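Okay, so here's the structure we're looking at.
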Number of protein chains: 2
Amino acid sequence: MWIPIQIDEKSAEPLYHQIETQLRSLIISGNLAEGTLLPSIREFAGDLKCSVITVRRVYQDLEGEGLLRTRQGTGTFVSHVGDGAREEYRRETVRKALEAAVDAGLSVHFGREELEELFREIVKHKYGEEDKKEE
Amino acid sequence: MWIPIQIDEKSAEPLYHQIETQLRSLIISGNLAEGTLLPSIREFAGDLKCSVITVRRVYQDLEGEGLLRTRQGTGTFVSHVGDGAREEYRRETVRKALEAAVDAGLSVHFGREELEELFREIVKHKYGEEDKKEE
DNA sequence: CTTACTGTATATATCTATATAAACAGTATA
DNA sequence: TATACTGTTTATATAGATATATACAGTAAG
């Protein structure tokens, strides 16, 4: 089983975090179906050129989030993420980041209009210039 | 000179960071006027019950951001923050946080509408329920 | 020029995050 | 039940963040 993970050696972002973020995204997005048996920690560590402990940590963290299930001696599987749970997870991830951003705005006394305008500008830039009617 | 800084001993947020955030806010908001002589690092350390090194770090960081000026032997002053620079600073602070939030949205495949709706919800909650017409 | 205040530099202590190796324990199957 | 895979535990190493004391250096005023 091959999992497409890209490691940036030069990044300040910790190794385990790079792996975790990308693997989480693959699961959340449905690119890794429920029940998929992931590579063993040793095999994955070989692919990623890191220690088994680092892979283990990633599996453990994602298991803590309910995205993986692990059975000693058997392996680690993508667990069933119900639509409800998936939505909840996606929403909470984004909500936290948005709340931090709004708090940042409040902390430097950004007005509501000012904040909304900057938000629209960034969304336009990152989501593309297309008119929203396309959705 | 007395500077109103509240330290939360129990917080996981580092001491220097708590001080830095609050002092920065006082400067950006204009509560500390240009030219104001801040307490010496020893006096401030005494008030805050921390070491002079910690206060020194705060002064040094904020000097790096252009918010303070320091002269050895004399003291540390609130520097002139031109309206332009102040706006630039405020804007960049919030922009970074908003960009991180939008990136978080993209990473879990939030649609544009979905993201905007959640943003509006959070803004409404944090800025209050009042109709925007009040501004 | 001494004194009493400023900030500065150096050396160090402690804690946490990150990452590892090696020994241990469960599981499946030939 | 031997073996060849799984994950797990323990002990450790390293780097960076946080915080400190102490000695050093600049400034201003009596």
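The way I read the labels, and the way they are meant: chains A, B, ... in the order of the structure tokens, residue 1 as the first residue of every chain, and ligand 1 as the first ligand shown, with later ones counted on from there.
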
Return as a PDB file with all heavy atoms, in the first residue's frame the residues belonging to chain B that are within 6 Å of chain C, counting only C-alpha atoms (C1' of nucleotides).
```
ATOM      1  N   GLN B  72      20.449  52.752  25.429  1.00  0.00           N
ATOM      2  CA  GLN B  72      21.143  52.245  26.611  1.00  0.00           C
ATOM      3  C   GLN B  72      21.480  53.392  27.554  1.00  0.00           C
ATOM      4  O   GLN B  72      21.950  54.436  27.128  1.00  0.00           O
ATOM      5  CB  GLN B  72      22.432  51.513  26.187  1.00  0.00           C
ATOM      6  CG  GLN B  72      23.150  50.869  27.357  1.00  0.00           C
ATOM      7  CD  GLN B  72      24.276  49.959  26.929  1.00  0.00           C
ATOM      8  OE1 GLN B  72      24.464  49.741  25.738  1.00  0.00           O
ATOM      9  NE2 GLN B  72      25.019  49.448  27.884  1.00  0.00           N
ATOM     10  N   GLY B  73      21.246  53.190  28.809  1.00  0.00           N
ATOM     11  CA  GLY B  73      21.537  54.204  29.802  1.00  0.00           C
ATOM     12  C   GLY B  73      20.390  55.170  30.031  1.00  0.00           C
ATOM     13  O   GLY B  73      20.351  55.877  31.039  1.00  0.00           O
ATOM     14  N   THR B  74      19.472  55.236  29.098  1.00  0.00           N
ATOM     15  CA  THR B  74      18.379  56.200  29.196  1.00  0.00           C
ATOM     16  C   THR B  74      17.039  55.530  29.448  1.00  0.00           C
ATOM     17  O   THR B  74      16.328  55.884  30.385  1.00  0.00           O
ATOM     18  CB  THR B  74      18.305  57.042  27.901  1.00  0.00           C
ATOM     19  OG1 THR B  74      19.593  57.614  27.671  1.00  0.00           O
ATOM     20  CG2 THR B  74      17.270  58.129  28.044  1.00  0.00           C
ATOM     21  N   GLY B  75      16.723  54.580  28.603  1.00  0.00           N
ATOM     22  CA  GLY B  75      15.443  53.913  28.803  1.00  0.00           C
ATOM     23  C   GLY B  75      14.791  53.483  27.502  1.00  0.00           C
ATOM     24  O   GLY B  75      15.368  53.593  26.429  1.00  0.00           O
TER      25      GLY B  75
END
```

What are the residues of chain B that have an atom within 9 Å of an atom of chain D, counting only C-alpha atoms (C1' of nucleotides), as a PyMOL selection string? chain B and resi 14-16+50-54+71-74

What does the file look like for those residues with N, CA, C and O atoms, as a short mmCIF file (atom, residue, chain, number, x, y, z; two decimals), in the first residue's frame?
```
data_model
loop_
_atom_site.label_atom_id
_atom_site.label_comp_id
_atom_site.auth_asym_id
_atom_site.auth_seq_id
_atom_site.Cartn_x
_atom_site.Cartn_y
_atom_site.Cartn_z
N PRO B 14 3.18 31.43 27.58
CA PRO B 14 4.41 31.87 28.23
C PRO B 14 4.30 33.29 28.77
O PRO B 14 3.62 34.14 28.18
N LEU B 15 5.01 33.50 29.87
CA LEU B 15 5.01 34.79 30.54
C LEU B 15 5.33 35.93 29.58
O LEU B 15 4.60 36.92 29.48
N TYR B 16 6.43 35.80 28.88
CA TYR B 16 6.88 36.89 28.01
C TYR B 16 5.82 37.19 26.96
O TYR B 16 5.64 38.33 26.54
N CYS B 50 8.84 39.06 37.72
CA CYS B 50 9.59 38.18 36.82
C CYS B 50 11.00 38.75 36.73
O CYS B 50 11.32 39.75 37.37
N SER B 51 11.85 38.09 35.95
CA SER B 51 13.23 38.56 35.84
C SER B 51 13.34 39.71 34.85
O SER B 51 12.48 39.90 33.99
N VAL B 52 14.42 40.46 34.97
CA VAL B 52 14.64 41.57 34.05
C VAL B 52 14.83 41.06 32.62
O VAL B 52 14.50 41.74 31.66
N ILE B 53 15.33 39.84 32.50
CA ILE B 53 15.57 39.28 31.17
C ILE B 53 14.28 39.11 30.41
O ILE B 53 14.22 39.31 29.20
N THR B 54 13.25 38.74 31.15
CA THR B 54 11.96 38.53 30.50
C THR B 54 11.40 39.85 29.98
O THR B 54 10.92 39.94 28.85
N ARG B 71 17.34 53.29 24.22
CA ARG B 71 18.68 53.87 24.29
C ARG B 71 19.33 53.41 25.58
O ARG B 71 18.79 53.68 26.68
N GLN B 72 20.45 52.75 25.43
CA GLN B 72 21.14 52.24 26.61
C GLN B 72 21.48 53.39 27.55
O GLN B 72 21.95 54.44 27.13
N GLY B 73 21.25 53.19 28.81
CA GLY B 73 21.54 54.20 29.80
C GLY B 73 20.39 55.17 30.03
O GLY B 73 20.35 55.88 31.04
N THR B 74 19.47 55.24 29.10
CA THR B 74 18.38 56.20 29.20
C THR B 74 17.04 55.53 29.45
O THR B 74 16.33 55.88 30.38
#
```

When the cut-off is 9 Å and we count only C-alpha atoms, which residues of chain A are near chain B, given as a CSV table (one decimal) with N, CA, C and O atoms, in the first residue's frame?
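Done, and the output landed in selection.csv:
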```
chain,number,residue,atom,x,y,z
A,21,THR,N,-0.8,15.9,9.0
A,21,THR,CA,-1.7,16.8,8.3
A,21,THR,C,-2.2,16.2,7.0
A,21,THR,O,-3.3,16.2,6.6
A,25,SER,N,-5.8,14.7,5.9
A,25,SER,CA,-6.6,15.2,4.8
A,25,SER,C,-7.0,14.1,3.8
A,25,SER,O,-8.1,14.2,3.3
A,28,ILE,N,-10.1,12.5,5.6
A,28,ILE,CA,-11.3,13.4,5.7
A,28,ILE,C,-11.9,13.5,4.3
A,28,ILE,O,-13.1,13.5,4.1
A,29,SER,N,-11.0,13.6,3.3
A,29,SER,CA,-11.5,13.9,1.9
A,29,SER,C,-12.1,12.6,1.3
A,29,SER,O,-12.7,12.7,0.2
A,90,ARG,N,-14.7,18.5,10.3
A,90,ARG,CA,-14.3,19.6,9.3
A,90,ARG,C,-14.7,20.9,9.9
A,90,ARG,O,-13.9,21.9,9.9
A,91,ARG,N,-15.9,21.0,10.4
A,91,ARG,CA,-16.4,22.3,10.9
A,91,ARG,C,-15.6,22.8,12.1
A,91,ARG,O,-15.2,24.0,12.2
A,93,THR,N,-12.5,22.1,12.9
A,93,THR,CA,-11.2,22.5,12.5
A,93,THR,C,-11.2,24.0,12.0
A,93,THR,O,-10.3,24.8,12.4
A,94,VAL,N,-12.1,24.2,11.1
A,94,VAL,CA,-12.2,25.6,10.5
A,94,VAL,C,-12.7,26.6,11.5
A,94,VAL,O,-12.1,27.7,11.6
A,95,ARG,N,-13.6,26.2,12.3
A,95,ARG,CA,-14.1,27.1,13.3
A,95,ARG,C,-13.0,27.6,14.2
A,95,ARG,O,-12.9,28.8,14.5
A,96,LYS,N,-12.2,26.7,14.7
A,96,LYS,CA,-11.1,27.1,15.6
A,96,LYS,C,-10.2,28.2,14.9
A,96,LYS,O,-9.8,29.2,15.5
A,97,ALA,N,-9.9,27.9,13.7
A,97,ALA,CA,-9.0,28.9,13.0
A,97,ALA,C,-9.7,30.2,12.7
A,97,ALA,O,-9.1,31.3,12.9
A,98,LEU,N,-11.0,30.1,12.4
A,98,LEU,CA,-11.7,31.4,12.2
A,98,LEU,C,-11.8,32.2,13.5
A,98,LEU,O,-11.7,33.4,13.5
A,99,GLU,N,-12.1,31.5,14.6
A,99,GLU,CA,-12.2,32.2,15.8
A,99,GLU,C,-10.9,32.8,16.2
A,99,GLU,O,-10.9,34.0,16.7
A,100,ALA,N,-9.8,32.2,16.0
A,100,ALA,CA,-8.5,32.8,16.3
A,100,ALA,C,-8.3,34.0,15.5
A,100,ALA,O,-7.8,35.1,15.9
A,101,ALA,N,-8.8,34.0,14.2
A,101,ALA,CA,-8.6,35.2,13.3
A,101,ALA,C,-9.5,36.3,13.8
A,101,ALA,O,-9.1,37.5,13.8
A,102,VAL,N,-10.7,36.0,14.2
A,102,VAL,CA,-11.6,37.1,14.6
A,102,VAL,C,-11.1,37.6,16.0
A,102,VAL,O,-11.1,38.9,16.2
A,103,ASP,N,-10.6,36.8,16.8
A,103,ASP,CA,-9.9,37.3,18.1
A,103,ASP,C,-8.8,38.2,17.8
A,103,ASP,O,-8.6,39.2,18.4
A,104,ALA,N,-8.0,37.8,16.8
A,104,ALA,CA,-6.9,38.7,16.4
A,104,ALA,C,-7.4,40.0,15.9
A,104,ALA,O,-6.8,41.1,16.3
A,105,GLY,N,-8.5,40.0,15.2
A,105,GLY,CA,-9.1,41.3,14.8
A,105,GLY,C,-9.5,42.1,16.0
A,105,GLY,O,-9.2,43.3,16.1
A,106,LEU,N,-10.2,41.5,16.9
A,106,LEU,CA,-10.7,42.2,18.1
A,106,LEU,C,-9.5,42.8,18.9
A,106,LEU,O,-9.6,43.9,19.4
A,107,SER,N,-8.4,42.0,18.9
A,107,SER,CA,-7.3,42.4,19.7
A,107,SER,C,-6.6,43.7,19.2
A,107,SER,O,-5.9,44.4,19.9
A,108,VAL,N,-6.7,44.0,17.9
A,108,VAL,CA,-6.1,45.2,17.4
A,108,VAL,C,-7.3,46.2,17.0
A,108,VAL,O,-7.1,47.1,16.2
A,109,HIS,N,-8.4,45.9,17.6
A,109,HIS,CA,-9.6,46.9,17.4
A,109,HIS,C,-10.0,47.0,16.0
A,109,HIS,O,-10.3,48.1,15.6
A,110,PHE,N,-10.1,45.9,15.3
A,110,PHE,CA,-10.6,45.9,14.0
A,110,PHE,C,-12.1,46.1,14.1
A,110,PHE,O,-12.8,45.4,14.9
A,111,GLY,N,-12.7,46.9,13.3
A,111,GLY,CA,-14.2,47.0,13.2
A,111,GLY,C,-14.7,45.9,12.4
A,111,GLY,O,-14.0,45.2,11.7
A,112,ARG,N,-16.0,45.6,12.6
A,112,ARG,CA,-16.6,44.5,12.0
A,112,ARG,C,-16.6,44.6,10.4
A,112,ARG,O,-16.2,43.7,9.8
A,113,GLU,N,-16.9,45.8,9.9
A,113,GLU,CA,-16.8,46.0,8.5
A,113,GLU,C,-15.4,45.7,7.9
A,113,GLU,O,-15.2,45.1,6.9
A,115,LEU,N,-13.0,44.0,9.2
A,115,LEU,CA,-12.7,42.6,9.2
A,115,LEU,C,-13.3,41.8,8.1
A,115,LEU,O,-12.7,41.0,7.4
A,116,GLU,N,-14.6,42.1,7.9
A,116,GLU,CA,-15.3,41.4,6.8
A,116,GLU,C,-14.7,41.7,5.4
A,116,GLU,O,-14.6,40.8,4.6
A,118,LEU,N,-11.6,42.5,4.7
A,118,LEU,CA,-10.3,41.8,4.6
A,118,LEU,C,-10.5,40.3,4.3
A,118,LEU,O,-9.9,39.7,3.5
A,119,PHE,N,-11.5,39.8,5.0
A,119,PHE,CA,-11.9,38.4,4.8
A,119,PHE,C,-12.3,38.1,3.4
A,119,PHE,O,-11.8,37.2,2.7
A,120,ARG,N,-13.2,39.0,2.9
A,120,ARG,CA,-13.6,38.8,1.5
A,120,ARG,C,-12.4,38.8,0.5
A,120,ARG,O,-12.4,38.1,-0.4
A,122,ILE,N,-9.3,38.1,1.1
A,122,ILE,CA,-8.5,36.9,1.1
A,122,ILE,C,-9.2,35.7,0.5
A,122,ILE,O,-8.6,34.9,-0.2
A,123,VAL,N,-10.5,35.6,0.8
A,123,VAL,CA,-11.2,34.5,0.2
A,123,VAL,C,-11.2,34.6,-1.3
A,123,VAL,O,-10.9,33.6,-2.0
A,126,LYS,N,-7.7,33.4,-2.5
A,126,LYS,CA,-7.4,32.0,-2.3
A,126,LYS,C,-8.4,31.0,-3.0
A,126,LYS,O,-8.0,29.9,-3.4
A,127,TYR,N,-9.6,31.5,-3.2
A,127,TYR,CA,-10.6,30.6,-3.8
A,127,TYR,C,-10.7,30.9,-5.3
A,127,TYR,O,-11.3,30.2,-6.0
A,132,LYS,N,-19.2,33.9,-7.5
A,132,LYS,CA,-19.7,32.9,-6.7
A,132,LYS,C,-20.9,32.2,-7.3
A,132,LYS,O,-21.3,31.1,-6.9
A,135,GLU,N,-21.0,28.3,-8.1
A,135,GLU,CA,-21.2,27.1,-7.2
A,135,GLU,C,-22.6,26.5,-7.4
A,135,GLU,O,-23.6,27.2,-7.4
```

Strand (DSSP E or B) positions in chain A, given as a ChimeraX atom specification: /A:37,68-71,75-78

Residues of chain B classed as alpha helix (DSSP H) by DSSP on the backbone are to be reported as a VMD selection string. chain B and resid 15 to 28 41 to 48 52 to 64 83 to 107 112 to 127

Non-local contacts of Thr76 of chain B (10 Å; only C-alpha atoms (C1' of nucleotides); under 2 positions in same chain excluded) as a count of residues only: 22

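Atom to atom, atom CA of Glu88 of chain A and atom CA of His17 of chain A stand 21.5 Å apart.
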